[in-house]
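Here is model.cif, consisting of mmCIF, C-alpha atoms:
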data_my_file
#
loop_
_atom_site.label_atom_id
_atom_site.label_comp_id
_atom_site.auth_asym_id
_atom_site.auth_seq_id
_atom_site.Cartn_x
_atom_site.Cartn_y
_atom_site.Cartn_z
CA MET A 1 97.70 116.35 119.77
CA ALA A 2 100.36 114.45 117.85
CA THR A 3 98.97 111.76 115.62
CA SER A 4 102.14 109.71 115.75
CA SER A 5 102.37 109.49 119.52
CA GLN A 6 102.31 105.99 120.91
CA SER A 7 102.11 104.42 124.30
CA SER A 8 101.72 100.77 125.17
CA VAL A 9 98.76 99.62 127.19
CA LYS A 10 98.52 96.02 128.32
CA PRO A 11 95.01 94.88 127.29
CA SER A 12 94.20 93.26 130.65
CA SER A 13 96.02 95.76 132.84
CA ASN A 14 95.36 99.16 134.36
CA GLU A 15 99.02 100.03 133.82
CA VAL A 16 99.83 102.49 131.06
CA LYS A 17 103.40 102.15 129.87
CA ASP A 18 105.53 105.06 128.84
CA TYR A 19 105.89 106.70 125.43
CA ILE A 20 107.51 104.67 122.66
CA CYS A 21 110.25 105.87 120.27
CA ASN A 22 108.60 106.40 116.86
CA ALA A 23 111.89 105.98 114.96
CA CYS A 24 112.52 102.55 116.55
CA GLU A 25 108.91 101.63 115.94
CA ASP A 26 109.26 102.60 112.25
CA GLN A 27 112.20 100.20 111.96
CA ASN A 28 110.19 97.41 113.65
CA ASN A 29 112.60 97.36 116.59
CA ALA A 30 111.45 96.39 120.04
CA GLU A 31 109.38 98.99 121.84
CA THR A 32 111.97 101.42 123.14
CA SER A 33 110.97 104.03 125.69
CA ALA A 34 111.10 107.59 124.34
CA ASP A 35 113.29 110.17 126.07
CA PHE A 36 112.56 113.15 123.80
CA TYR A 37 109.66 114.72 121.93
CA CYS A 38 110.14 116.91 118.82
CA LYS A 39 107.58 119.68 118.59
CA GLN A 40 107.97 120.19 114.81
CA CYS A 41 107.98 116.50 113.84
CA LYS A 42 105.37 115.61 116.47
CA ARG A 43 107.36 112.44 117.11
CA PHE A 44 109.03 110.73 120.05
CA TYR A 45 112.69 109.64 120.13
CA CYS A 46 114.86 107.48 122.37
CA GLY A 47 118.39 108.52 123.35
CA ASN A 48 119.91 106.69 120.36
CA CYS A 49 117.54 108.14 117.75
CA ILE A 50 117.58 111.76 118.94
CA ASP A 51 121.23 112.24 117.85
CA PRO A 52 120.65 111.63 114.10
CA HIS A 53 117.47 113.71 114.32
CA GLY A 54 119.36 116.58 115.97
CA LYS A 55 122.12 116.52 113.36
CA THR A 56 119.76 116.74 110.39
CA LEU A 57 117.09 118.92 111.97
CA ALA A 58 119.11 121.10 114.33
CA LYS A 59 116.57 123.94 114.44
CA HIS A 60 113.77 121.70 115.73
CA THR A 61 112.64 122.15 119.32
CA THR A 62 112.92 118.99 121.39
CA PHE A 63 111.80 118.40 124.95
CA GLY A 64 113.41 115.84 127.24
CA ARG A 65 111.74 114.03 130.10
CA VAL A 66 112.40 116.93 132.46
CA GLU A 67 109.92 118.88 130.30
CA ILE A 68 107.41 116.04 129.86
CA ASP A 69 104.61 118.47 130.66
CA LYS A 70 105.21 119.88 127.15
CA TRP A 71 104.67 116.46 125.51
CA PRO A 72 101.24 115.70 124.03
CA VAL A 73 99.04 113.02 125.53
CA SER A 74 99.30 109.81 123.54
CA LYS A 75 96.21 108.64 121.63
CA LYS A 76 96.57 105.24 123.32
CA VAL A 77 96.50 106.91 126.73
CA VAL A 78 93.42 108.94 125.76
CA ASP A 79 91.70 105.77 124.51
CA PHE A 80 92.60 104.02 127.76
CA LEU A 81 91.12 106.85 129.82
CA HIS A 82 87.91 106.87 127.73
CA THR A 83 87.34 103.13 128.18
CA CYS A 84 84.71 102.04 130.68
CA ASP A 85 86.23 100.43 133.79
CA VAL A 86 83.43 97.85 133.96
CA HIS A 87 82.81 97.18 130.26
CA LYS A 88 86.25 97.27 128.63
CA GLU A 89 84.79 96.95 125.13
CA HIS A 90 82.81 100.20 125.47
CA LYS A 91 83.79 103.87 125.50
CA ILE A 92 82.41 106.32 128.05
CA ASP A 93 80.03 108.68 126.27
CA GLN A 94 77.41 109.72 128.83
CA PHE A 95 77.14 111.23 132.28
CA CYS A 96 74.41 110.47 134.81
CA ASN A 97 73.52 113.66 136.68
CA LEU A 98 71.55 111.75 139.29
CA HIS A 99 74.38 109.37 140.20
CA LYS A 100 77.25 111.75 139.26
CA GLN A 101 78.83 108.97 137.23
CA LEU A 102 80.38 108.56 133.80
CA CYS A 103 78.65 105.83 131.78
CA CYS A 104 79.11 103.70 128.70
CA PRO A 105 76.07 102.43 126.73
CA GLN A 106 76.15 99.13 128.64
CA CYS A 107 76.22 100.94 132.01
CA VAL A 108 73.17 102.92 130.91
CA SER A 109 71.37 99.73 129.98
CA ASP A 110 72.36 97.87 133.16
CA GLN A 111 72.16 100.57 135.84
CA HIS A 112 70.50 103.73 134.58
CA ARG A 113 67.66 102.61 132.32
CA TYR A 114 64.85 103.45 134.78
CA VAL A 115 65.85 107.07 135.02
CA LEU A 116 67.12 107.33 131.48
CA PHE A 117 65.42 110.55 130.42
CA SER A 118 65.82 112.50 133.63
CA CYS A 119 69.43 111.83 134.54
CA LEU A 120 71.55 111.18 131.47
CA VAL A 121 73.55 113.74 129.59
CA ILE A 122 75.33 112.70 126.40
CA ILE A 123 78.87 114.03 126.37
CA THR A 124 81.32 114.45 123.54
CA ILE A 125 84.75 113.01 124.15
#
Let me see the file written as structure tokens.
Amino acid sequence: MATSSQSSVKPSSNEVKDYICNACEDQNNAETSADFYCKQCKRFYCGNCIDPHGKTLAKHTTFGRVEIDKWPVSKKVVDFLHTCDVHKEHKIDQFCNLHKQLCCPQCVSDQHRYVLFSCLVIITI
């Protein structure tokens, strides 16, 4: 997974915005949507920034949006997916076999404490 990948997530929203151009972000420009991903650089580029990148690093492999399945998942998106839907300040780290439900520590305390030893499995995410 690329360490420099970025995506914007509104704190109070379930909407995950698209990938952000790392070159624009480096220059403190407004968040510009990325249109390309460079496999060697592990960075995202908008249409304006991909041209200078391509001229200086012509042998790099880039993937446009038509090949988005070859882009890595953004760390922000992964963090969003690992966050408990009920307790936004907690990460999901357990699974209740009895209820077939992913749980954060607060969920365990609130809803699964009576069957704690028989139904919970700690998972690594």
Quick check on the file I pasted: which residues fall under the PyMOL selection byres ((chain A and resi 41) around 12)? Write them as an mmCIF file with C-alpha atoms, keeping the file's coordinate frame.
data_model
loop_
_atom_site.group_PDB
_atom_site.id
_atom_site.type_symbol
_atom_site.label_atom_id
_atom_site.label_comp_id
_atom_site.auth_asym_id
_atom_site.auth_seq_id
_atom_site.Cartn_x
_atom_site.Cartn_y
_atom_site.Cartn_z
ATOM 1 C CA MET A 1 97.700 116.350 119.770
ATOM 2 C CA ALA A 2 100.360 114.450 117.850
ATOM 3 C CA THR A 3 98.970 111.760 115.620
ATOM 4 C CA SER A 4 102.140 109.710 115.750
ATOM 5 C CA SER A 5 102.370 109.490 119.520
ATOM 6 C CA ASN A 22 108.600 106.400 116.860
ATOM 7 C CA ALA A 23 111.890 105.980 114.960
ATOM 8 C CA PHE A 36 112.560 113.150 123.800
ATOM 9 C CA TYR A 37 109.660 114.720 121.930
ATOM 10 C CA CYS A 38 110.140 116.910 118.820
ATOM 11 C CA LYS A 39 107.580 119.680 118.590
ATOM 12 C CA GLN A 40 107.970 120.190 114.810
ATOM 13 C CA LYS A 42 105.370 115.610 116.470
ATOM 14 C CA ARG A 43 107.360 112.440 117.110
ATOM 15 C CA PHE A 44 109.030 110.730 120.050
ATOM 16 C CA TYR A 45 112.690 109.640 120.130
ATOM 17 C CA ILE A 50 117.580 111.760 118.940
ATOM 18 C CA HIS A 53 117.470 113.710 114.320
ATOM 19 C CA GLY A 54 119.360 116.580 115.970
ATOM 20 C CA LEU A 57 117.090 118.920 111.970
ATOM 21 C CA LYS A 59 116.570 123.940 114.440
ATOM 22 C CA HIS A 60 113.770 121.700 115.730
ATOM 23 C CA THR A 61 112.640 122.150 119.320
ATOM 24 C CA THR A 62 112.920 118.990 121.390
ATOM 25 C CA PHE A 63 111.800 118.400 124.950
#
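Put simply, CA of Lys88 (chain A) is 24.2 Å away from CA of Glu31 (chain A).
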- Students should find that CA of Val108 (chain A) and CA of Val77 (chain A) are spaced 24.0 Å
- Restricting the calculation to only C-alpha atoms, which member of A:Tyr19, A:Asp35, A:Ala30, A:Cys84 is positioned closest to Val66 (chain A)? A:Asp35
- Query: Residues at most 7 Å from Thr32 (chain A), counting all atoms listed in the file, excluding those fewer than 5 positions away in the same chain, as a list in words?
  - Reply: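 That gives Ile20, Cys21, Cys24 and Cys46 of chain A.
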How would the residues just chosen look if you wrote them out with C-alpha atoms as an mmCIF file, in the frame of the given file?
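This is the output file out-v1.cif:
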data_model
loop_
_atom_site.group_PDB
_atom_site.id
_atom_site.type_symbol
_atom_site.label_atom_id
_atom_site.label_comp_id
_atom_site.auth_asym_id
_atom_site.auth_seq_id
_atom_site.Cartn_x
_atom_site.Cartn_y
_atom_site.Cartn_z
ATOM 1 C CA ILE A 20 107.510 104.670 122.660
ATOM 2 C CA CYS A 21 110.250 105.870 120.270
ATOM 3 C CA CYS A 24 112.520 102.550 116.550
ATOM 4 C CA CYS A 46 114.860 107.480 122.370
#
- Evaluate the PyMOL selection byres ((chain A and resi 107) around 12) on the structure here and hand back the selected residues as a PyMOL selection string. chain A and resi 83-96+99+101-106+108-114+116+120
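When all atoms listed in the file are used to measure the gap to Cys49 (chain A), the shortest distance among A:Leu81, A:Glu25, A:Glu67, A:Pro72 belongs to A:Glu25.
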- For CA of Ser33 (chain A) and CA of Lys70 (chain A), quote the distance in Å rounded to one decimal. 16.9 Å
